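Novice: Contents are compact mmCIF, C-alpha atoms; file name run19.txt:
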```txt
# COMPACT_ATOMS: atom_id res chain seq x y z
CA MET Z 1 0.00 0.00 0.00
CA LYS Z 2 1.36 3.40 -0.99
CA LEU Z 3 0.69 6.24 1.47
CA LEU Z 4 1.52 9.82 0.49
CA LEU Z 5 2.09 12.11 3.49
CA LEU Z 6 1.63 15.78 2.60
CA PRO Z 7 3.37 18.35 4.84
CA GLY Z 8 2.02 21.76 5.76
CA LEU Z 9 3.39 25.29 5.79
CA MET Z 10 7.22 25.27 5.83
CA CYS Z 11 7.18 21.60 6.85
CA ASP Z 12 8.83 18.53 5.34
CA ALA Z 13 9.30 14.83 6.12
CA ALA Z 14 10.26 15.73 9.71
CA VAL Z 15 6.65 16.55 10.58
CA TRP Z 16 5.72 12.93 9.83
CA ALA Z 17 8.87 11.27 11.21
CA PRO Z 18 7.49 10.70 14.74
CA VAL Z 19 4.45 8.86 13.31
CA ARG Z 20 6.43 6.57 10.98
CA PRO Z 21 7.20 3.83 13.55
CA TYR Z 22 3.49 3.25 14.08
CA ILE Z 23 2.55 2.87 10.41
CA GLU Z 24 5.61 1.94 8.34
CA ALA Z 25 4.87 -1.78 8.66
CA ASP Z 26 1.44 -1.21 7.07
CA ALA Z 27 2.32 1.13 4.20
CA ASP Z 28 5.03 2.29 1.82
CA LEU Z 29 5.46 5.90 2.94
CA HIS Z 30 6.41 8.82 0.71
CA VAL Z 31 6.57 12.57 1.53
CA PRO Z 32 6.34 14.73 -1.64
CA ASP Z 33 8.17 18.06 -1.85
CA TYR Z 34 6.20 21.00 -3.26
CA SER Z 35 7.67 23.66 -0.99
CA ASP Z 36 8.55 26.06 -3.82
CA ALA Z 37 5.08 26.04 -5.46
CA ARG Z 38 2.98 29.18 -5.21
CA SER Z 39 -0.55 27.77 -5.38
CA LEU Z 40 -2.41 24.80 -3.93
CA VAL Z 41 -3.27 23.71 -7.46
CA ALA Z 42 0.42 23.64 -8.42
CA MET Z 43 1.20 21.66 -5.26
CA ALA Z 44 -1.50 19.10 -6.04
CA GLU Z 45 -0.35 18.73 -9.63
CA ARG Z 46 3.25 18.27 -8.45
CA VAL Z 47 2.13 15.39 -6.21
CA LEU Z 48 0.06 13.75 -8.94
CA GLU Z 49 2.93 13.86 -11.43
CA THR Z 50 4.90 11.27 -9.48
CA ALA Z 51 2.13 9.47 -7.57
CA PRO Z 52 1.25 5.85 -8.37
CA ALA Z 53 -2.00 4.95 -10.07
CA ARG Z 54 -3.67 4.31 -6.70
CA PHE Z 55 -2.63 5.55 -3.27
CA SER Z 56 -3.80 6.54 0.19
CA LEU Z 57 -3.39 10.20 1.09
CA ALA Z 58 -2.85 12.13 4.32
CA GLY Z 59 -2.37 15.88 4.60
CA HIS Z 60 -1.47 18.00 7.62
CA SER Z 61 -2.40 21.70 7.80
CA MET Z 62 -1.70 23.21 4.34
CA GLY Z 63 -1.10 19.62 3.20
CA GLY Z 64 -4.74 18.84 3.96
CA ARG Z 65 -5.78 21.56 1.55
CA VAL Z 66 -3.42 20.10 -1.05
CA ALA Z 67 -5.03 16.70 -0.44
CA LEU Z 68 -8.46 18.16 -1.18
CA GLU Z 69 -7.18 19.68 -4.42
CA ILE Z 70 -5.96 16.19 -5.34
CA MET Z 71 -9.44 14.87 -4.54
CA ARG Z 72 -10.86 17.50 -6.89
CA ARG Z 73 -8.59 16.38 -9.74
CA ALA Z 74 -8.09 12.64 -9.31
CA PRO Z 75 -10.59 11.16 -6.83
CA HIS Z 76 -10.54 7.80 -8.57
CA ARG Z 77 -6.89 7.36 -7.60
CA VAL Z 78 -7.37 7.89 -3.85
CA GLU Z 79 -8.04 4.79 -1.75
CA ARG Z 80 -8.17 6.52 1.66
CA LEU Z 81 -8.02 10.12 2.84
CA ALA Z 82 -6.83 11.65 6.13
CA LEU Z 83 -7.16 15.37 6.92
CA LEU Z 84 -5.22 16.67 9.94
CA ASP Z 85 -5.33 20.13 11.55
CA THR Z 86 -6.57 21.73 8.35
CA GLY Z 87 -9.47 23.67 6.87
CA ILE Z 88 -11.81 23.96 3.92
CA ARG Z 89 -12.84 27.62 3.78
CA ALA Z 90 -11.42 30.32 1.54
CA ARG Z 91 -9.91 33.41 3.13
CA PRO Z 92 -12.86 35.39 4.49
CA ALA Z 93 -13.89 38.63 2.88
CA GLY Z 94 -13.68 41.96 4.63
CA ALA Z 95 -11.88 42.77 7.87
CA ALA Z 96 -11.28 39.15 8.91
CA GLY Z 97 -9.55 38.35 5.65
CA GLU Z 98 -7.44 41.49 5.82
CA GLU Z 99 -6.45 40.66 9.38
CA GLU Z 100 -5.28 37.20 8.34
CA LYS Z 101 -3.29 38.72 5.47
CA ALA Z 102 -1.66 41.24 7.78
CA LYS Z 103 -0.66 38.56 10.30
CA ARG Z 104 0.89 36.38 7.59
CA PHE Z 105 2.76 39.33 6.09
CA THR Z 106 4.07 40.30 9.53
CA LEU Z 107 5.64 36.84 9.81
CA LEU Z 108 7.03 37.14 6.29
CA ALA Z 109 8.64 40.46 7.21
CA ILE Z 110 10.30 38.82 10.22
CA ALA Z 111 11.60 36.01 8.00
CA ARG Z 112 13.09 38.48 5.52
CA GLU Z 113 14.50 40.90 8.07
CA ARG Z 114 15.63 38.61 10.89
CA GLY Z 115 15.68 35.15 9.33
CA VAL Z 116 13.38 32.13 9.10
CA ARG Z 117 14.31 30.83 12.55
CA ALA Z 118 13.21 34.10 14.18
CA MET Z 119 9.93 33.89 12.25
CA ALA Z 120 9.42 30.26 13.28
CA THR Z 121 10.09 31.14 16.92
CA ALA Z 122 7.22 33.65 16.78
CA TRP Z 123 4.99 31.31 14.75
CA VAL Z 124 5.36 28.23 16.94
CA GLU Z 125 4.30 29.74 20.27
CA PRO Z 126 0.52 29.64 19.65
CA MET Z 127 0.73 26.50 17.52
CA VAL Z 128 1.70 23.83 20.07
CA HIS Z 129 0.07 22.92 23.35
CA PRO Z 130 1.24 25.34 26.07
CA ASP Z 131 2.72 22.47 28.08
CA ARG Z 132 5.06 21.64 25.19
CA LEU Z 133 6.65 25.07 24.81
CA ALA Z 134 9.34 24.02 27.30
CA ASP Z 135 9.98 20.78 25.36
CA ASN Z 136 13.26 21.79 23.74
CA GLU Z 137 13.49 18.67 21.60
CA LEU Z 138 10.08 19.28 20.04
CA ILE Z 139 10.53 23.03 19.57
CA ASP Z 140 14.04 22.66 18.14
CA ALA Z 141 12.75 20.06 15.65
CA ILE Z 142 10.04 22.46 14.46
CA LEU Z 143 12.41 25.42 14.20
CA ALA Z 144 15.02 23.36 12.34
CA MET Z 145 12.36 22.13 9.91
CA PHE Z 146 11.28 25.69 9.11
CA GLU Z 147 14.89 26.80 8.80
CA ARG Z 148 15.49 24.26 6.03
CA HIS Z 149 13.20 26.36 3.84
CA GLY Z 150 14.04 29.88 2.71
CA GLY Z 151 12.06 33.08 2.89
CA GLU Z 152 10.96 32.74 -0.73
CA ASP Z 153 9.40 29.35 -0.02
CA PHE Z 154 7.52 31.02 2.83
CA ALA Z 155 6.39 33.85 0.55
CA GLY Z 156 5.11 31.39 -2.05
CA GLN Z 157 3.23 29.29 0.49
CA ILE Z 158 1.64 32.40 2.00
CA GLU Z 159 0.50 33.38 -1.49
CA ALA Z 160 -0.99 29.90 -1.94
CA LEU Z 161 -2.87 30.06 1.35
CA LEU Z 162 -4.18 33.58 0.91
CA ASN Z 163 -5.62 32.52 -2.47
CA ARG Z 164 -6.95 29.17 -1.25
CA PRO Z 165 -10.24 27.98 -2.75
CA ASP Z 166 -13.24 26.90 -0.73
CA THR Z 167 -13.54 23.11 -0.84
CA THR Z 168 -16.75 22.69 1.15
CA ASP Z 169 -18.59 21.42 -1.93
CA LEU Z 170 -16.18 18.49 -2.27
CA LEU Z 171 -16.81 16.93 1.12
CA PRO Z 172 -20.30 15.38 0.66
CA ALA Z 173 -19.06 13.53 -2.42
CA ILE Z 174 -16.05 11.88 -0.78
CA ALA Z 175 -16.66 8.15 -0.75
CA CYS Z 176 -13.30 6.73 0.37
CA PRO Z 177 -12.54 5.91 4.03
CA THR Z 178 -11.72 9.26 5.64
CA LEU Z 179 -10.08 10.22 8.92
CA VAL Z 180 -10.52 13.79 10.21
CA LEU Z 181 -8.14 14.55 13.10
CA CYS Z 182 -6.96 17.57 15.06
CA GLY Z 183 -5.52 18.61 18.40
CA ARG Z 184 -8.07 19.58 21.01
CA ASP Z 185 -6.07 22.75 21.68
CA ASP Z 186 -5.51 23.70 18.05
CA GLY Z 187 -6.50 27.35 18.03
CA TRP Z 188 -5.76 27.84 14.32
CA SER Z 189 -7.70 24.87 12.92
CA THR Z 190 -10.18 24.25 15.70
CA PRO Z 191 -11.93 21.04 16.78
CA ALA Z 192 -15.29 22.64 15.94
CA GLN Z 193 -14.04 23.20 12.40
CA HIS Z 194 -13.09 19.53 12.13
CA GLU Z 195 -16.41 18.41 13.55
CA ASP Z 196 -18.09 20.37 10.77
CA MET Z 197 -15.80 18.79 8.17
CA ALA Z 198 -16.42 15.27 9.44
CA GLY Z 199 -20.16 15.93 9.45
CA LEU Z 200 -20.06 16.75 5.73
CA ILE Z 201 -18.08 13.64 4.71
CA PRO Z 202 -20.17 10.45 4.62
CA ASN Z 203 -18.98 7.95 7.25
CA ALA Z 204 -15.89 9.98 8.18
CA ARG Z 205 -14.08 9.02 11.38
CA LEU Z 206 -13.40 12.01 13.68
CA ALA Z 207 -10.49 11.99 16.15
CA ILE Z 208 -9.78 14.83 18.59
CA VAL Z 209 -6.38 14.45 20.28
CA ASP Z 210 -6.06 15.62 23.89
CA ARG Z 211 -3.18 17.82 25.10
CA CYS Z 212 -2.31 18.70 21.53
CA GLY Z 213 -2.14 21.84 19.43
CA HIS Z 214 -1.75 22.33 15.69
CA MET Z 215 1.31 20.11 15.21
CA ALA Z 216 -0.44 16.84 16.04
CA PRO Z 217 1.95 14.43 14.23
CA MET Z 218 4.89 15.83 16.21
CA GLU Z 219 3.11 16.56 19.51
CA GLN Z 220 1.21 13.29 19.94
CA PRO Z 221 2.69 10.79 17.45
CA ARG Z 222 1.55 7.69 19.33
CA VAL Z 223 -2.10 8.76 19.34
CA VAL Z 224 -1.93 9.92 15.73
CA GLY Z 225 -0.14 6.72 14.75
CA ARG Z 226 -2.82 4.56 16.34
CA ALA Z 227 -5.55 6.51 14.57
CA PHE Z 228 -3.67 6.05 11.30
CA ALA Z 229 -3.20 2.33 11.88
CA ALA Z 230 -6.96 1.88 12.35
CA TRP Z 231 -7.63 4.03 9.26
CA LEU Z 232 -5.19 2.01 7.16
CA ARG Z 233 -6.99 -1.19 8.14
CA MET Z 234 -10.27 0.13 6.74
CA PRO Z 235 -11.16 -1.38 3.33
CA ALA Z 236 -9.87 0.84 0.54
CA ALA Z 237 -12.22 2.61 -1.84
CA ALA Z 238 -12.92 0.15 -4.62
CA GLU Z 239 -13.28 2.51 -7.55
CA ALA Z 240 -13.36 6.20 -6.74
CA GLY Z 241 -12.65 8.69 -3.99
CA LEU Z 242 -15.69 10.74 -5.01
CA ARG Z 243 -19.14 9.45 -5.74
CA ARG Z 244 -20.02 9.08 -9.38
CA GLY Z 245 -21.98 11.94 -10.82
CA GLN Z 246 -20.22 14.52 -8.65
```
Can the structure in the file be given as structure tokens, please?

Specialist:
Amino acid sequence: MKLLLLPGLMCDAAVWAPVRPYIEADADLHVPDYSDARSLVAMAERVLETAPARFSLAGHSMGGRVALEIMRRAPHRVERLALLDTGIRARPAGAAGEEEKAKRFTLLAIARERGVRAMATAWVEPMVHPDRLADNELIDAILAMFERHGGEDFAGQIEALLNRPDTTDLLPAIACPTLVLCGRDDGWSTPAQHEDMAGLIPNARLAIVDRCGHMAPMEQPRVVGRAFAAWLRMPAAAEAGLRRGQ
């Protein structure tokens, strides 16, 4: 079984590394690199260019949005889908959307003026569970992961996220086994948001992980790994990831 693991904003294979021991016996794991792409569509197409004919698919954060763009383009190729700490809505109009843009551009300015590590240090504080901020091993792993990517990668990924499409209409048509998972303390991609997502996907399995923020695969790998193992044991979609006629 081929499982593609899609990383989020400024992330790479390291975000999935803690989960690997719990699932590598059940799947052939691959982490695509699309870090220099400037749209979610381009990211999805990059993944599909090298993906096998059929595969299971998991996306974390921005990677979940990439996964949904893959579902839009090639649902018949997806056997299973997992969406972690992610979202489905476009950037809101009006003041809320402008506030999001301003916050992202503030981080970009830090990356360009003081370096990616300084930006990541500011970014990570509200993203992990408060109890883990003193976990030097975890925080250093996140900062090092961000630092492997340059400021231009960050600029391109911000552009992709600010121009993200709304994918709400895709969810009711998803017919493959689907896991929807997030940290209970994820303030960016909230549990309520994931409850709504799971409610729109027929027969989706919802998992809310305790004592966990936005970086679930790194914060609580054992719990995430167990949820993945159960998901991977679910019978694969026989023909298509979206219902026919959609």

Novice: With a cut-off of 12 Å, could you pull out the residues of range 107-144 of chain Z touching range 6-27 of chain Z and give me the nearest pair of atoms for each, distance in Å to one decimal, using only C-alpha atoms, ordered by chain and ascending number, as a tab-separated table?

Specialist:
```
residue	atom	partner	partner_atom	distance
Z:Leu108	CA	Z:Met10	CA	11.9
Z:Ala111	CA	Z:Met10	CA	11.8
Z:Val116	CA	Z:Met10	CA	9.8
Z:Arg117	CA	Z:Met10	CA	11.2
Z:Met119	CA	Z:Met10	CA	11.1
Z:Ala120	CA	Z:Met10	CA	9.2
Z:Trp123	CA	Z:Leu9	CA	10.9
Z:Val124	CA	Z:Met10	CA	11.6
Z:Leu138	CA	Z:Pro18	CA	10.4
Z:Ile139	CA	Z:Val15	CA	11.7
Z:Asp140	CA	Z:Ala14	CA	11.5
Z:Ala141	CA	Z:Ala14	CA	7.8
Z:Ile142	CA	Z:Val15	CA	7.8
Z:Leu143	CA	Z:Cys11	CA	9.8
Z:Ala144	CA	Z:Ala14	CA	9.4
```

Novice: Rank nothing, just name the residue among Z:Thr178, Z:Val66, Z:Ala74, Z:Ala90 nearest to Ala37 in chain Z, using all atoms listed in the file.

Specialist: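 Once distances to Ala37 in chain Z are computed over all atoms listed in the file, the minimum belongs to Z:Val66.
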
Novice: Given the point (-8.7, 2.0, 11.2) in the file's coordinates, find the residues that have an atom at most 12 Å from it, counting only C-alpha atoms, and give them as number ranges by chain.

Specialist: Z: 23, 26, 80-82, 177-180, 204-207, 224-236

Novice: How many Å lie between CA of Thr106 in chain Z and CA of Leu83 in chain Z, rounded to one decimal?

Specialist: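 These two atoms are separated by 27.5 Å.
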
Novice: Go through range 158-223 of chain Z residue by residue and, counting only C-alpha atoms, keep those with an atom at most 10 Å from range 96-104 of chain Z; for each kept residue give the shortest atom pair and its distance in Å to one decimal, ordered by chain and increasing number, as a Markdown table.

Specialist:
```
| residue | atom | partner | partner_atom | distance |
| --- | --- | --- | --- | --- |
| Z:Ile158 | CA | Z:Arg104 | CA | 6.9 |
| Z:Glu159 | CA | Z:Lys101 | CA | 9.6 |
| Z:Leu161 | CA | Z:Lys101 | CA | 9.6 |
| Z:Leu162 | CA | Z:Lys101 | CA | 6.9 |
```

Novice: Which of these residues is nearest to Cys176 in chain Z, using all atoms listed in the file: Z:Phe146, Z:Phe154, Z:Phe105, Z:Phe55?

Specialist: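 Checking each of Z:Phe146, Z:Phe154, Z:Phe105, Z:Phe55 against Cys176 in chain Z, counting all atoms listed in the file, the winner is Z:Phe55.
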
Novice: Hey, which of Z:Ala173, Z:Met71, Z:Ala109, Z:Met62 ends up closest to Gln157 in chain Z? Count only C-alpha atoms.

Specialist: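 Answer, going by the shortest atom-to-atom distance: Z:Met62.
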
Novice: For the point (-6.8, 20.9, 26.1) in file coordinates, what residues are within 6 Å, counting only C-alpha atoms? Give the answer as number ranges by chain?

Specialist: Z: 184-185, 210-211

Novice: For Gly64 in chain Z, which residue out of Z:Leu200, Z:Ala51, Z:Leu3, Z:Leu181 is the nearest one, using all atoms listed in the file?

Specialist: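 The closest residue to Gly64 in chain Z is Z:Leu181.
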
Novice: Which polymer residues have any atom within 9 Å of an atom of Ala122 in chain Z, counting all atoms listed in the file, with same-chain residues fewer than 4 positions away left out, as a ChimeraX atom specification?

Specialist: /Z:107,110,117-118,126

Novice: Tell me, in Å to one decimal, how far CA of Pro130 in chain Z is from CA of Thr86 in chain Z.

Specialist: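 About the pair CA of Pro130 in chain Z and CA of Thr86 in chain Z: they are 19.7 Å apart.
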
Novice: Between Z:Ser61, Z:Ala53, Z:Asp33, Z:Arg46, single out the one closest to Met1 in chain Z, counting all atoms listed in the file.

Specialist: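 Among the listed residues, the smallest separation from Met1 in chain Z belongs to Z:Ala53.
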
Novice: Please list as a PyMOL selection string every residue within 10 Å of Pro165 in chain Z, counting all atoms listed in the file and excluding residues in the same chain fewer than 6 positions away.

Specialist: chain Z and resi 40-41+65+69+88-91

Novice: Just how far from CA of Ala58 in chain Z is CA of Leu4 in chain Z, in Å to one decimal?

Specialist: 6.3 Å

Novice: What would range 159-176 of chain Z look like with N, CA and C atoms in place, written as a tab-separated table (two decimals), in the frame of the given file?

Specialist:
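As written to disk, selection_28.tsv reads:
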```
chain	number	residue	atom	x	y	z
Z	159	GLU	N	1.31	33.04	-0.32
Z	159	GLU	CA	0.50	33.38	-1.49
Z	159	GLU	C	-0.53	32.28	-1.76
Z	160	ALA	N	-0.09	31.02	-1.69
Z	160	ALA	CA	-0.99	29.90	-1.94
Z	160	ALA	C	-2.14	29.88	-0.94
Z	161	LEU	N	-1.84	30.13	0.32
Z	161	LEU	CA	-2.87	30.06	1.35
Z	161	LEU	C	-3.82	31.25	1.31
Z	162	LEU	N	-3.30	32.42	1.00
Z	162	LEU	CA	-4.18	33.58	0.91
Z	162	LEU	C	-5.16	33.45	-0.26
Z	163	ASN	N	-4.77	32.71	-1.29
Z	163	ASN	CA	-5.62	32.52	-2.47
Z	163	ASN	C	-6.28	31.15	-2.49
Z	164	ARG	N	-6.39	30.52	-1.34
Z	164	ARG	CA	-6.95	29.17	-1.25
Z	164	ARG	C	-8.40	29.14	-1.68
Z	165	PRO	N	-8.82	28.10	-2.38
Z	165	PRO	CA	-10.24	27.98	-2.75
Z	165	PRO	C	-11.05	27.38	-1.61
Z	166	ASP	N	-12.33	27.57	-1.66
Z	166	ASP	CA	-13.24	26.90	-0.73
Z	166	ASP	C	-13.52	25.50	-1.26
Z	167	THR	N	-13.35	24.50	-0.40
Z	167	THR	CA	-13.54	23.11	-0.84
Z	167	THR	C	-14.73	22.44	-0.15
Z	168	THR	N	-15.60	23.24	0.45
Z	168	THR	CA	-16.75	22.69	1.15
Z	168	THR	C	-17.58	21.77	0.25
Z	169	ASP	N	-17.74	22.18	-1.01
Z	169	ASP	CA	-18.59	21.42	-1.93
Z	169	ASP	C	-18.05	20.03	-2.23
Z	170	LEU	N	-16.75	19.80	-2.00
Z	170	LEU	CA	-16.18	18.49	-2.27
Z	170	LEU	C	-16.56	17.45	-1.22
Z	171	LEU	N	-16.74	17.88	0.02
Z	171	LEU	CA	-16.81	16.93	1.12
Z	171	LEU	C	-17.98	15.94	1.03
Z	172	PRO	N	-19.21	16.35	0.69
Z	172	PRO	CA	-20.30	15.38	0.66
Z	172	PRO	C	-20.13	14.28	-0.38
Z	173	ALA	N	-19.25	14.52	-1.36
Z	173	ALA	CA	-19.06	13.53	-2.42
Z	173	ALA	C	-17.92	12.56	-2.15
Z	174	ILE	N	-17.18	12.77	-1.06
Z	174	ILE	CA	-16.05	11.88	-0.78
Z	174	ILE	C	-16.57	10.53	-0.33
Z	175	ALA	N	-16.15	9.48	-1.02
Z	175	ALA	CA	-16.66	8.15	-0.75
Z	175	ALA	C	-15.60	7.20	-0.20
Z	176	CYS	N	-14.35	7.62	-0.16
Z	176	CYS	CA	-13.30	6.73	0.37
Z	176	CYS	C	-13.24	6.84	1.89
```
